[in-house]
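coords.csv follows (CSV, C-alpha atoms):
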```
chain,number,residue,atom,x,y,z
A,892,MET,CA,-20.1,-17.3,-14.3
A,893,GLN,CA,-17.9,-14.4,-15.4
A,894,THR,CA,-18.4,-10.7,-15.9
A,895,SER,CA,-15.5,-8.6,-17.3
A,896,LYS,CA,-14.8,-5.3,-18.9
A,897,TYR,CA,-11.8,-4.4,-21.0
A,898,MET,CA,-10.7,-0.7,-21.0
A,899,LEU,CA,-9.0,1.6,-23.4
A,900,ALA,CA,-6.6,4.4,-22.4
A,901,SER,CA,-5.6,7.5,-24.3
A,902,GLU,CA,-2.1,8.9,-24.5
A,903,ARG,CA,-3.3,11.6,-22.1
A,904,ASP,CA,-4.6,8.9,-19.6
A,905,GLN,CA,-1.2,7.2,-19.7
A,906,LEU,CA,0.5,10.4,-18.5
A,907,TRP,CA,-1.4,9.9,-15.2
A,908,GLY,CA,1.0,7.2,-14.3
A,909,LEU,CA,-1.5,4.3,-14.0
A,910,THR,CA,-4.2,3.0,-16.4
A,911,VAL,CA,-6.6,0.1,-16.0
A,912,THR,CA,-6.8,-2.4,-18.8
A,913,THR,CA,-9.4,-5.0,-17.5
A,914,ILE,CA,-11.6,-5.7,-14.5
A,915,GLY,CA,-13.9,-8.5,-13.7
A,916,TYR,CA,-15.4,-11.1,-11.4
A,917,GLU,CA,-15.8,-14.8,-11.7
A,918,GLU,CA,-17.6,-17.6,-9.9
A,919,ILE,CA,-16.3,-21.2,-10.5
A,920,GLY,CA,-18.4,-24.1,-9.2
A,921,PRO,CA,-17.0,-27.4,-8.1
A,922,ASN,CA,-17.5,-29.0,-11.6
A,923,ASP,CA,-17.2,-26.0,-13.8
A,924,PRO,CA,-14.6,-26.0,-16.6
A,925,TYR,CA,-11.6,-23.8,-16.0
A,926,PRO,CA,-10.4,-21.4,-17.3
A,927,THR,CA,-13.7,-19.8,-18.3
A,928,ARG,CA,-14.3,-18.7,-21.8
A,929,GLY,CA,-15.0,-15.1,-22.8
A,930,HIS,CA,-11.5,-13.7,-22.3
A,931,ALA,CA,-10.2,-11.2,-24.8
A,932,ASP,CA,-7.2,-12.1,-27.0
A,933,GLY,CA,-4.0,-12.4,-25.0
A,934,TYR,CA,-5.8,-13.1,-21.7
A,935,TYR,CA,-7.1,-16.6,-22.1
A,936,PHE,CA,-4.6,-19.3,-21.0
A,937,ASP,CA,-4.3,-23.1,-21.0
A,938,LEU,CA,-3.7,-24.5,-17.5
A,939,ALA,CA,-0.8,-26.7,-18.6
A,940,LYS,CA,0.9,-24.0,-20.7
A,941,GLY,CA,0.2,-21.0,-18.5
A,942,ARG,CA,0.5,-17.5,-19.9
A,943,ILE,CA,2.6,-14.3,-19.9
A,944,LEU,CA,0.8,-10.9,-19.7
A,945,PRO,CA,2.1,-7.5,-20.7
A,946,GLU,CA,0.5,-5.9,-17.6
A,947,TYR,CA,0.0,-6.2,-13.9
A,948,GLN,CA,-3.1,-7.9,-12.4
A,949,LEU,CA,-4.3,-7.9,-8.8
A,950,LEU,CA,-6.7,-10.7,-7.9
A,951,TYR,CA,-8.6,-11.3,-4.7
A,952,ILE,CA,-10.3,-14.5,-3.6
A,953,ILE,CA,-13.4,-14.0,-1.6
A,954,GLU,CA,-14.4,-17.7,-1.4
A,955,GLY,CA,-12.7,-21.0,-2.0
A,956,GLN,CA,-9.1,-22.0,-2.6
A,957,GLY,CA,-6.7,-22.8,-5.4
A,958,ILE,CA,-3.2,-23.2,-6.6
A,959,PHE,CA,-0.9,-20.6,-8.0
A,960,HIS,CA,2.2,-21.2,-10.2
A,961,SER,CA,4.7,-18.7,-11.4
A,962,GLN,CA,8.2,-18.7,-13.0
A,963,THR,CA,9.8,-17.1,-9.9
A,964,LEU,CA,7.8,-18.5,-7.0
A,965,GLY,CA,7.0,-22.0,-8.2
A,966,GLU,CA,3.8,-23.5,-6.7
A,967,ALA,CA,1.9,-22.1,-3.8
A,968,PRO,CA,-1.6,-22.5,-2.3
A,969,LEU,CA,-4.3,-19.8,-2.4
A,970,LYS,CA,-7.1,-19.5,0.1
A,971,GLU,CA,-10.1,-17.2,0.9
A,972,GLY,CA,-8.9,-13.7,1.7
A,973,ASP,CA,-5.7,-13.9,-0.4
A,974,PHE,CA,-4.5,-11.3,-2.9
A,975,PHE,CA,-2.2,-12.6,-5.6
A,976,MET,CA,-0.4,-10.4,-8.1
A,977,LEU,CA,0.6,-11.1,-11.6
A,978,PHE,CA,3.6,-9.3,-13.1
A,979,PRO,CA,4.3,-8.3,-16.7
A,980,GLY,CA,6.6,-10.7,-18.5
A,981,GLU,CA,6.3,-13.3,-15.7
A,982,TRP,CA,4.9,-16.8,-16.7
A,983,HIS,CA,2.1,-17.9,-14.4
A,984,SER,CA,-0.9,-20.2,-14.1
A,985,TYR,CA,-3.6,-20.7,-11.4
A,986,HIS,CA,-6.8,-22.6,-10.8
A,987,PRO,CA,-9.4,-23.3,-8.1
A,988,THR,CA,-9.2,-26.6,-6.1
A,989,GLY,CA,-11.4,-28.3,-3.5
A,990,PRO,CA,-15.1,-29.0,-3.4
A,991,THR,CA,-16.4,-25.4,-3.7
A,992,GLY,CA,-14.5,-23.8,-6.6
A,993,TRP,CA,-13.9,-20.1,-5.9
A,994,LYS,CA,-15.1,-16.6,-6.3
A,995,LYS,CA,-12.6,-13.9,-7.2
A,996,PHE,CA,-12.2,-10.4,-8.5
A,997,TRP,CA,-9.4,-9.2,-10.7
A,998,ILE,CA,-8.2,-5.9,-12.1
A,999,GLY,CA,-5.4,-5.4,-14.6
A,1000,PHE,CA,-3.3,-2.2,-14.9
A,1001,GLN,CA,0.0,-0.8,-16.1
A,1002,GLY,CA,2.1,2.4,-15.6
A,1003,ARG,CA,5.1,3.9,-14.1
A,1004,ASN,CA,3.5,4.3,-10.7
A,1005,VAL,CA,3.6,0.6,-10.2
A,1006,ASP,CA,6.9,0.1,-12.0
A,1007,ASP,CA,8.4,2.5,-9.5
A,1008,ARG,CA,7.1,0.4,-6.6
A,1009,VAL,CA,8.6,-2.7,-8.1
A,1010,ARG,CA,12.0,-1.0,-8.6
A,1011,ALA,CA,11.9,0.1,-5.0
A,1012,GLY,CA,11.2,-3.4,-3.8
A,1013,PHE,CA,7.7,-2.9,-2.4
A,1014,LEU,CA,6.2,-5.3,-4.9
A,1015,ALA,CA,8.1,-8.3,-6.4
A,1016,PRO,CA,7.5,-11.5,-8.3
A,1017,THR,CA,9.3,-13.3,-5.4
A,1018,LYS,CA,6.3,-12.4,-3.2
A,1019,PRO,CA,3.1,-12.4,-5.3
A,1020,ILE,CA,0.7,-13.6,-2.6
A,1021,TYR,CA,-0.6,-11.5,0.3
A,1022,HIS,CA,-2.6,-13.1,3.1
A,1023,VAL,CA,-4.9,-10.4,4.4
A,1024,GLY,CA,-8.2,-12.2,5.1
A,1025,PHE,CA,-11.7,-11.3,3.9
A,1026,HIS,CA,-12.5,-7.6,4.1
A,1027,ASP,CA,-15.8,-6.2,2.8
A,1028,SER,CA,-14.0,-2.9,2.1
A,1029,ILE,CA,-11.8,-4.6,-0.5
A,1030,VAL,CA,-14.9,-6.1,-2.2
A,1031,ARG,CA,-16.5,-2.6,-2.3
A,1032,LEU,CA,-13.4,-1.2,-4.0
A,1033,TYR,CA,-13.4,-3.8,-6.7
A,1034,ARG,CA,-17.2,-3.3,-7.3
A,1035,SER,CA,-16.7,0.5,-7.4
A,1036,ALA,CA,-14.0,0.0,-10.0
A,1037,TYR,CA,-16.2,-2.3,-12.1
A,1038,ASP,CA,-19.1,0.1,-11.9
A,1039,ALA,CA,-16.8,2.9,-13.1
A,1040,ALA,CA,-15.6,0.7,-16.0
A,1041,VAL,CA,-19.1,-0.2,-17.1
A,1042,ALA,CA,-20.3,3.4,-16.9
A,1043,GLU,CA,-17.2,4.6,-18.7
A,1044,GLU,CA,-17.8,8.3,-18.0
A,1045,ALA,CA,-15.3,11.0,-18.7
A,1046,TYR,CA,-12.0,10.5,-16.6
A,1047,ALA,CA,-13.0,7.0,-15.6
A,1048,GLN,CA,-9.3,6.0,-16.0
A,1049,GLN,CA,-8.3,8.5,-13.3
A,1050,LEU,CA,-11.0,7.3,-11.0
A,1051,MET,CA,-10.1,3.6,-11.4
A,1052,ALA,CA,-6.4,4.4,-11.0
A,1053,GLY,CA,-7.2,5.8,-7.6
A,1054,ILE,CA,-9.0,2.6,-6.7
A,1055,VAL,CA,-6.1,0.5,-7.8
A,1056,ASN,CA,-3.7,2.5,-5.7
A,1057,HIS,CA,-6.1,2.1,-2.7
A,1058,LEU,CA,-6.2,-1.7,-3.2
A,1059,ILE,CA,-2.4,-2.0,-3.4
A,1060,GLY,CA,-2.0,0.2,-0.3
A,1061,LEU,CA,-4.6,-1.9,1.6
A,1062,MET,CA,-3.0,-5.2,0.5
A,1063,TYR,CA,0.5,-4.1,1.6
A,1064,ALA,CA,-0.5,-2.4,4.9
A,1065,LEU,CA,-2.9,-5.1,6.0
A,1066,GLU,CA,-0.5,-8.0,5.6
A,1067,ARG,CA,2.4,-6.0,7.1
A,1068,ASN,CA,0.3,-5.2,10.2
A,1069,ILE,CA,-0.8,-8.8,10.5
A,1070,GLU,CA,2.8,-9.9,10.5
A,1071,LEU,CA,3.8,-7.4,13.1
A,1072,LYS,CA,1.0,-8.3,15.4
A,1073,SER,CA,1.6,-12.1,15.0
A,1074,ARG,CA,5.1,-11.7,16.2
A,1075,ASN,CA,4.3,-9.7,19.3
A,1076,GLN,CA,1.1,-7.8,19.9
A,1077,SER,CA,2.6,-6.1,23.0
A,1078,HIS,CA,5.3,-4.5,20.9
A,1079,VAL,CA,2.7,-3.1,18.5
A,1080,ASP,CA,0.8,-1.6,21.4
A,1081,LEU,CA,4.0,-0.1,22.8
A,1082,MET,CA,5.0,1.5,19.5
A,1083,ASN,CA,1.5,2.9,19.1
A,1084,ARG,CA,1.8,4.4,22.6
A,1085,ALA,CA,5.2,5.8,21.7
A,1086,ARG,CA,4.0,7.4,18.5
A,1087,LEU,CA,1.0,9.0,20.3
A,1088,ARG,CA,3.2,10.4,23.1
A,1089,ILE,CA,5.7,11.9,20.6
A,1090,ARG,CA,2.8,13.5,18.7
A,1091,GLU,CA,1.2,14.9,21.8
A,1092,GLU,CA,4.4,16.4,23.2
A,1093,LEU,CA,5.9,18.1,20.1
A,1094,GLU,CA,6.2,21.4,22.1
A,1095,SER,CA,7.8,19.8,25.2
A,1096,PRO,CA,11.5,19.0,25.7
A,1097,LEU,CA,10.6,15.3,25.5
A,1098,THR,CA,13.6,13.1,24.5
A,1099,ILE,CA,13.5,9.7,22.8
A,1100,GLN,CA,15.5,8.3,25.8
A,1101,GLN,CA,12.7,9.4,28.1
A,1102,VAL,CA,10.1,7.6,25.9
A,1103,ALA,CA,12.2,4.4,25.9
A,1104,ASP,CA,12.7,4.6,29.7
A,1105,ASP,CA,9.0,5.1,30.3
A,1106,LEU,CA,8.2,2.1,28.2
A,1107,GLY,CA,10.7,0.0,30.1
A,1108,MET,CA,13.0,-0.6,27.1
A,1109,SER,CA,16.6,0.1,26.3
A,1110,TYR,CA,17.2,2.9,23.8
A,1111,SER,CA,18.7,0.6,21.2
A,1112,ASN,CA,15.8,-2.0,21.4
A,1113,PHE,CA,13.2,0.8,21.3
A,1114,ARG,CA,14.8,2.4,18.2
A,1115,LYS,CA,15.0,-1.0,16.4
A,1116,LEU,CA,11.4,-1.8,17.0
A,1117,PHE,CA,10.1,1.7,16.3
A,1118,LYS,CA,11.9,1.8,12.9
A,1119,GLU,CA,10.6,-1.7,12.0
A,1120,TYR,CA,7.1,-0.6,12.7
A,1121,THR,CA,7.2,3.0,11.2
A,1122,GLY,CA,10.1,2.9,8.7
A,1123,LEU,CA,11.7,5.8,10.6
A,1124,SER,CA,13.9,6.1,13.6
A,1125,PRO,CA,12.1,7.7,16.6
A,1126,ALA,CA,14.4,10.8,16.4
A,1127,THR,CA,13.6,11.3,12.7
A,1128,TYR,CA,9.9,10.7,13.4
A,1129,GLN,CA,9.9,13.4,16.2
A,1130,GLN,CA,11.9,15.9,14.1
A,1131,ASP,CA,9.7,15.5,11.0
A,1132,LEU,CA,6.6,16.0,13.1
A,1133,ARG,CA,8.1,19.1,14.6
A,1134,LEU,CA,8.9,20.5,11.1
A,1135,GLN,CA,5.4,19.7,10.0
A,1136,ARG,CA,4.1,21.6,13.0
A,1137,ALA,CA,6.5,24.4,12.2
A,1138,LYS,CA,4.9,24.8,8.7
A,1139,GLU,CA,1.5,25.1,10.4
A,1140,LEU,CA,2.8,27.8,12.8
A,1141,LEU,CA,4.5,29.7,10.0
A,1142,THR,CA,1.4,29.9,7.9
A,1143,THR,CA,-1.3,30.4,10.6
A,1144,THR,CA,0.4,32.5,13.3
A,1145,SER,CA,2.4,35.7,13.6
A,1146,LEU,CA,5.1,34.0,15.8
A,1147,SER,CA,8.6,34.8,14.7
A,1148,ILE,CA,10.9,32.2,13.3
A,1149,LYS,CA,13.0,32.4,16.4
A,1150,GLU,CA,9.9,31.9,18.6
A,1151,ILE,CA,8.8,28.9,16.6
A,1152,ALA,CA,12.3,27.3,16.7
A,1153,TYR,CA,12.5,27.5,20.5
A,1154,ARG,CA,8.8,26.6,21.0
A,1155,LEU,CA,9.5,23.3,19.1
A,1156,ASN,CA,12.7,22.7,21.0
A,1157,PHE,CA,15.2,23.1,18.2
A,1158,ASP,CA,18.7,24.0,19.5
A,1159,SER,CA,18.8,27.3,17.7
A,1160,PRO,CA,16.9,29.3,15.0
A,1161,ASP,CA,19.8,28.6,12.6
A,1162,TYR,CA,19.6,24.8,13.3
A,1163,PHE,CA,15.9,24.9,12.8
A,1164,SER,CA,16.2,26.8,9.5
A,1165,SER,CA,18.8,24.4,8.3
A,1166,LYS,CA,16.7,21.3,9.0
A,1167,PHE,CA,13.6,23.0,7.6
A,1168,LYS,CA,15.3,23.7,4.3
A,1169,ILE,CA,16.6,20.2,4.1
A,1170,LYS,CA,13.1,18.8,4.6
A,1171,THR,CA,11.1,21.2,2.5
A,1172,GLY,CA,13.5,22.7,0.1
A,1173,ARG,CA,12.7,26.2,1.4
A,1174,LYS,CA,13.8,28.4,4.2
A,1175,PRO,CA,11.2,29.2,6.9
A,1176,SER,CA,11.2,32.9,5.7
A,1177,ASP,CA,10.4,31.8,2.1
A,1178,LEU,CA,7.3,29.9,3.3
A,1179,ARG,CA,6.1,32.9,5.4
```
Is it possible to give me this structure as structure tokens?
Amino acid sequence: MQTSKYMLASERDQLWGLTVTTIGYEEIGPNDPYPTRGHADGYYFDLAKGRILPEYQLLYIIEGQGIFHSQTLGEAPLKEGDFFMLFPGEWHSYHPTGPTGWKKFWIGFQGRNVDDRVRAGFLAPTKPIYHVGFHDSIVRLYRSAYDAAVAEEAYAQQLMAGIVNHLIGLMYALERNIELKSRNQSHVDLMNRARLRIREELESPLTIQQVADDLGMSYSNFRKLFKEYTGLSPATYQQDLRLQRAKELLTTTSLSIKEIAYRLNFDSPDYFSSKFKIKTGRKPSDLR
């Protein structure tokens, strides 16, 4: 069984940065032929020959298992709770295996938003499979996108683009957190404690060395783990939060720039203004 919808996008839609081309759901029983019929031109493929698409697709297996082949990766197994991503211009083939067949959703899309993530290395043909497990929230997102495609109301492309971005973000974050926790759950707990303490003490003279000491870690090891977990060094994390807090104080209070600088433990008003401009592109006085 297969249900699918193919979408059109106007030139105006394409300026949004991401447009959806196709979305669907299929159920393959243990003896059902595969691939299923009913695909539009350019989407059907022969298992032996595979295919090359001009777009990205994000597929999610909710039941069953299978095999994936691609030009870059070679062969890899697929199981329930796996995302796998297809890249434009990349040869691929896939099919269900085992006694139960599979159930899966897919959504196809294109646009510079995704191209930018590939160029930045967040997404790559070398890693098309993400092991995140089964999540009902993911199923609901696919269904919401399919409902929007079927209804095809005004600005459906923008709505579906938001859902695609949500799916990609979930896929990336879920697997990353699973990997971090599998290596050492205690480290994850420590970094969460560290982030909470830094956030709660933005207006105190708390140093990163104090945080490391209180967690029973050396500064260098703490900094390494913190950056691995958050993508930022602890000092940068603390400073960026203080600058964020400064924006709030500048726009919601009558405190002077000097008072805000010292309240947030910057060395001087000039140093505060310099860092604020580097971060925001404006001087504190401009924002006020």
task: Please indicate the distance in Å from CA of Gly915 (chain A) to CA of Phe996 (chain A), rounded to one decimal place.
output: 5.8 Å
field: Nearest to Thr910 (chain A), chosen from A:Gly1002, A:Gly965, A:Pro1160, A:Gly957, with all atoms listed in the file counted in the distances
entry: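 Among the listed residues, the smallest separation from Thr910 (chain A) belongs to A:Gly1002.
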message: As an exercise, work out the distance from CA of Ser1145 (chain A) to CA of Glu1094 (chain A) in Å and give it to one decimal place.
response: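 These two atoms are separated by 17.1 Å.
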- prompt: So, counting only C-alpha atoms, which residue among A:Asp1105, A:Glu1119, A:Asp1027, A:Asp1006 is closest to Asn1068 (chain A)?
  reply: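 For Asn1068 (chain A), the nearest of the candidates is A:Glu1119.
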- request: Would you list the residues near (6.0, 13.0, 18.3) (no more than 9 Å away, in the coordinates of the file, using all atoms listed in the file) as a PyMOL selection string?
  value: chain A and resi 1085-1093+1097+1125-1126+1128-1133
What does the file look like for those residues with C-alpha atoms, as a PDB file, keeping the file's coordinate frame?
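What landed in out_37.pdb:
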```pdb
ATOM      1  CA  ALA A1085       5.200   5.800  21.700  1.00  0.00           C
ATOM      2  CA  ARG A1086       4.000   7.400  18.500  1.00  0.00           C
ATOM      3  CA  LEU A1087       1.000   9.000  20.300  1.00  0.00           C
ATOM      4  CA  ARG A1088       3.200  10.400  23.100  1.00  0.00           C
ATOM      5  CA  ILE A1089       5.700  11.900  20.600  1.00  0.00           C
ATOM      6  CA  ARG A1090       2.800  13.500  18.700  1.00  0.00           C
ATOM      7  CA  GLU A1091       1.200  14.900  21.800  1.00  0.00           C
ATOM      8  CA  GLU A1092       4.400  16.400  23.200  1.00  0.00           C
ATOM      9  CA  LEU A1093       5.900  18.100  20.100  1.00  0.00           C
ATOM     10  CA  LEU A1097      10.600  15.300  25.500  1.00  0.00           C
ATOM     11  CA  PRO A1125      12.100   7.700  16.600  1.00  0.00           C
ATOM     12  CA  ALA A1126      14.400  10.800  16.400  1.00  0.00           C
ATOM     13  CA  TYR A1128       9.900  10.700  13.400  1.00  0.00           C
ATOM     14  CA  GLN A1129       9.900  13.400  16.200  1.00  0.00           C
ATOM     15  CA  GLN A1130      11.900  15.900  14.100  1.00  0.00           C
ATOM     16  CA  ASP A1131       9.700  15.500  11.000  1.00  0.00           C
ATOM     17  CA  LEU A1132       6.600  16.000  13.100  1.00  0.00           C
ATOM     18  CA  ARG A1133       8.100  19.100  14.600  1.00  0.00           C
TER      19      ARG A1133
END
```
message: I'd like the neighbourhood of Glu917 (chain A) as an NGL selection string, where a residue qualifies if any of its atoms comes within 9 Å (using all atoms listed in the file), though same-chain residues fewer than 6 positions away should be ignored.
response: :A and (892-895 or 927 or 993-997)
Write a file of the just-selected residues containing C-alpha atoms, as a short mmCIF file (atom, residue, chain, number, x, y, z; two decimals), in the coordinates of the input.
```cif
data_model
loop_
_atom_site.label_atom_id
_atom_site.label_comp_id
_atom_site.auth_asym_id
_atom_site.auth_seq_id
_atom_site.Cartn_x
_atom_site.Cartn_y
_atom_site.Cartn_z
CA MET A 892 -20.10 -17.30 -14.30
CA GLN A 893 -17.90 -14.40 -15.40
CA THR A 894 -18.40 -10.70 -15.90
CA SER A 895 -15.50 -8.60 -17.30
CA THR A 927 -13.70 -19.80 -18.30
CA TRP A 993 -13.90 -20.10 -5.90
CA LYS A 994 -15.10 -16.60 -6.30
CA LYS A 995 -12.60 -13.90 -7.20
CA PHE A 996 -12.20 -10.40 -8.50
CA TRP A 997 -9.40 -9.20 -10.70
#
```
message: Between A:Gly1060, A:Gly1024, A:Pro1175, A:Pro926, which residue has the minimum interatomic distance to Glu971 (chain A), considering all atoms listed in the file?
response: A:Gly1024
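If only C-alpha atoms are the atoms counted, then among A:Pro990, A:Pro945, A:Pro1019, A:Pro979 the closest residue to Phe959 (chain A) is A:Pro1019.
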- prompt: Which one is closest to Arg1031 (chain A): A:Ile953, A:Ser1077, A:Lys1115, A:Asp1007? Count all atoms listed in the file.
  reply: A:Ile953
query: When distances are computed from only C-alpha atoms, which of A:Ser1111, A:Thr912, A:Asn922, A:Ser1073 shows the smallest separation from Leu944 (chain A)?
result: A:Thr912
Expected file content for region 981-990 of chain A, all heavy atoms, as a PDB file, in the first residue's frame:
```pdb
ATOM      1  N   GLU A 981      23.217  11.636  -6.181  1.00  0.00           N
ATOM      2  CA  GLU A 981      23.866  10.490  -5.538  1.00  0.00           C
ATOM      3  C   GLU A 981      23.111   9.211  -5.879  1.00  0.00           C
ATOM      4  O   GLU A 981      21.913   9.072  -5.546  1.00  0.00           O
ATOM      5  CB  GLU A 981      23.880  10.704  -4.022  1.00  0.00           C
ATOM      6  CG  GLU A 981      24.335   9.510  -3.207  1.00  0.00           C
ATOM      7  CD  GLU A 981      25.838   9.442  -3.032  1.00  0.00           C
ATOM      8  OE1 GLU A 981      26.545  10.267  -3.649  1.00  0.00           O
ATOM      9  OE2 GLU A 981      26.311   8.587  -2.269  1.00  0.00           O
ATOM     10  N   TRP A 982      23.764   8.278  -6.533  1.00  0.00           N
ATOM     11  CA  TRP A 982      23.122   7.002  -6.845  1.00  0.00           C
ATOM     12  C   TRP A 982      22.758   6.260  -5.555  1.00  0.00           C
ATOM     13  O   TRP A 982      23.525   6.246  -4.589  1.00  0.00           O
ATOM     14  CB  TRP A 982      24.069   6.125  -7.672  1.00  0.00           C
ATOM     15  CG  TRP A 982      23.473   4.766  -7.968  1.00  0.00           C
ATOM     16  CD1 TRP A 982      22.713   4.420  -9.021  1.00  0.00           C
ATOM     17  CD2 TRP A 982      23.588   3.592  -7.140  1.00  0.00           C
ATOM     18  NE1 TRP A 982      22.323   3.109  -8.926  1.00  0.00           N
ATOM     19  CE2 TRP A 982      22.840   2.569  -7.785  1.00  0.00           C
ATOM     20  CE3 TRP A 982      24.222   3.304  -5.936  1.00  0.00           C
ATOM     21  CZ2 TRP A 982      22.737   1.288  -7.251  1.00  0.00           C
ATOM     22  CZ3 TRP A 982      24.104   2.029  -5.411  1.00  0.00           C
ATOM     23  CH2 TRP A 982      23.376   1.027  -6.061  1.00  0.00           C
ATOM     24  N   HIS A 983      21.575   5.616  -5.553  1.00  0.00           N
ATOM     25  CA  HIS A 983      21.149   4.877  -4.361  1.00  0.00           C
ATOM     26  C   HIS A 983      20.132   3.811  -4.752  1.00  0.00           C
ATOM     27  O   HIS A 983      19.527   3.846  -5.832  1.00  0.00           O
ATOM     28  CB  HIS A 983      20.540   5.820  -3.324  1.00  0.00           C
ATOM     29  CG  HIS A 983      19.291   6.483  -3.828  1.00  0.00           C
ATOM     30  ND1 HIS A 983      19.300   7.717  -4.447  1.00  0.00           N
ATOM     31  CD2 HIS A 983      17.986   6.086  -3.848  1.00  0.00           C
ATOM     32  CE1 HIS A 983      18.082   8.050  -4.801  1.00  0.00           C
ATOM     33  NE2 HIS A 983      17.254   7.061  -4.449  1.00  0.00           N
ATOM     34  N   SER A 984      19.945   2.888  -3.840  1.00  0.00           N
ATOM     35  CA  SER A 984      18.902   1.873  -3.938  1.00  0.00           C
ATOM     36  C   SER A 984      18.602   1.388  -2.528  1.00  0.00           C
ATOM     37  O   SER A 984      19.477   1.432  -1.656  1.00  0.00           O
ATOM     38  CB  SER A 984      19.360   0.701  -4.821  1.00  0.00           C
ATOM     39  OG  SER A 984      18.336  -0.271  -4.937  1.00  0.00           O
ATOM     40  N   TYR A 985      17.384   0.940  -2.275  1.00  0.00           N
ATOM     41  CA  TYR A 985      17.030   0.428  -0.953  1.00  0.00           C
ATOM     42  C   TYR A 985      15.806  -0.478  -1.079  1.00  0.00           C
ATOM     43  O   TYR A 985      15.019  -0.362  -2.025  1.00  0.00           O
ATOM     44  CB  TYR A 985      16.755   1.564   0.042  1.00  0.00           C
ATOM     45  CG  TYR A 985      15.741   2.576  -0.435  1.00  0.00           C
ATOM     46  CD1 TYR A 985      14.370   2.372  -0.262  1.00  0.00           C
ATOM     47  CD2 TYR A 985      16.147   3.748  -1.064  1.00  0.00           C
ATOM     48  CE1 TYR A 985      13.437   3.300  -0.699  1.00  0.00           C
ATOM     49  CE2 TYR A 985      15.228   4.681  -1.512  1.00  0.00           C
ATOM     50  CZ  TYR A 985      13.878   4.450  -1.324  1.00  0.00           C
ATOM     51  OH  TYR A 985      12.958   5.364  -1.774  1.00  0.00           O
ATOM     52  N   HIS A 986      15.632  -1.366  -0.121  1.00  0.00           N
ATOM     53  CA  HIS A 986      14.487  -2.270  -0.144  1.00  0.00           C
ATOM     54  C   HIS A 986      14.309  -2.912   1.224  1.00  0.00           C
ATOM     55  O   HIS A 986      15.266  -3.028   2.000  1.00  0.00           O
ATOM     56  CB  HIS A 986      14.674  -3.359  -1.215  1.00  0.00           C
ATOM     57  CG  HIS A 986      15.892  -4.214  -0.995  1.00  0.00           C
ATOM     58  ND1 HIS A 986      15.867  -5.365  -0.234  1.00  0.00           N
ATOM     59  CD2 HIS A 986      17.164  -4.078  -1.439  1.00  0.00           C
ATOM     60  CE1 HIS A 986      17.079  -5.906  -0.220  1.00  0.00           C
ATOM     61  NE2 HIS A 986      17.880  -5.138  -0.942  1.00  0.00           N
ATOM     62  N   PRO A 987      13.087  -3.358   1.530  1.00  0.00           N
ATOM     63  CA  PRO A 987      12.841  -4.030   2.810  1.00  0.00           C
ATOM     64  C   PRO A 987      13.378  -5.456   2.780  1.00  0.00           C
ATOM     65  O   PRO A 987      13.514  -6.067   1.720  1.00  0.00           O
ATOM     66  CB  PRO A 987      11.320  -4.025   2.927  1.00  0.00           C
ATOM     67  CG  PRO A 987      10.836  -3.974   1.515  1.00  0.00           C
ATOM     68  CD  PRO A 987      11.855  -3.179   0.753  1.00  0.00           C
ATOM     69  N   THR A 988      13.683  -5.975   3.957  1.00  0.00           N
ATOM     70  CA  THR A 988      14.121  -7.362   4.090  1.00  0.00           C
ATOM     71  C   THR A 988      13.408  -7.975   5.285  1.00  0.00           C
ATOM     72  O   THR A 988      12.742  -7.283   6.053  1.00  0.00           O
ATOM     73  CB  THR A 988      15.641  -7.454   4.310  1.00  0.00           C
ATOM     74  OG1 THR A 988      15.982  -6.727   5.500  1.00  0.00           O
ATOM     75  CG2 THR A 988      16.410  -6.885   3.131  1.00  0.00           C
ATOM     76  N   GLY A 989      13.596  -9.266   5.488  1.00  0.00           N
ATOM     77  CA  GLY A 989      13.031  -9.914   6.664  1.00  0.00           C
ATOM     78  C   GLY A 989      11.595 -10.329   6.455  1.00  0.00           C
ATOM     79  O   GLY A 989      10.989 -10.086   5.400  1.00  0.00           O
ATOM     80  N   PRO A 990      11.001 -10.926   7.485  1.00  0.00           N
ATOM     81  CA  PRO A 990       9.674 -11.540   7.355  1.00  0.00           C
ATOM     82  C   PRO A 990       8.508 -10.562   7.409  1.00  0.00           C
ATOM     83  O   PRO A 990       7.378 -10.941   7.114  1.00  0.00           O
ATOM     84  CB  PRO A 990       9.630 -12.500   8.551  1.00  0.00           C
ATOM     85  CG  PRO A 990      10.503 -11.849   9.576  1.00  0.00           C
ATOM     86  CD  PRO A 990      11.611 -11.185   8.809  1.00  0.00           C
TER      87      PRO A 990
END
```
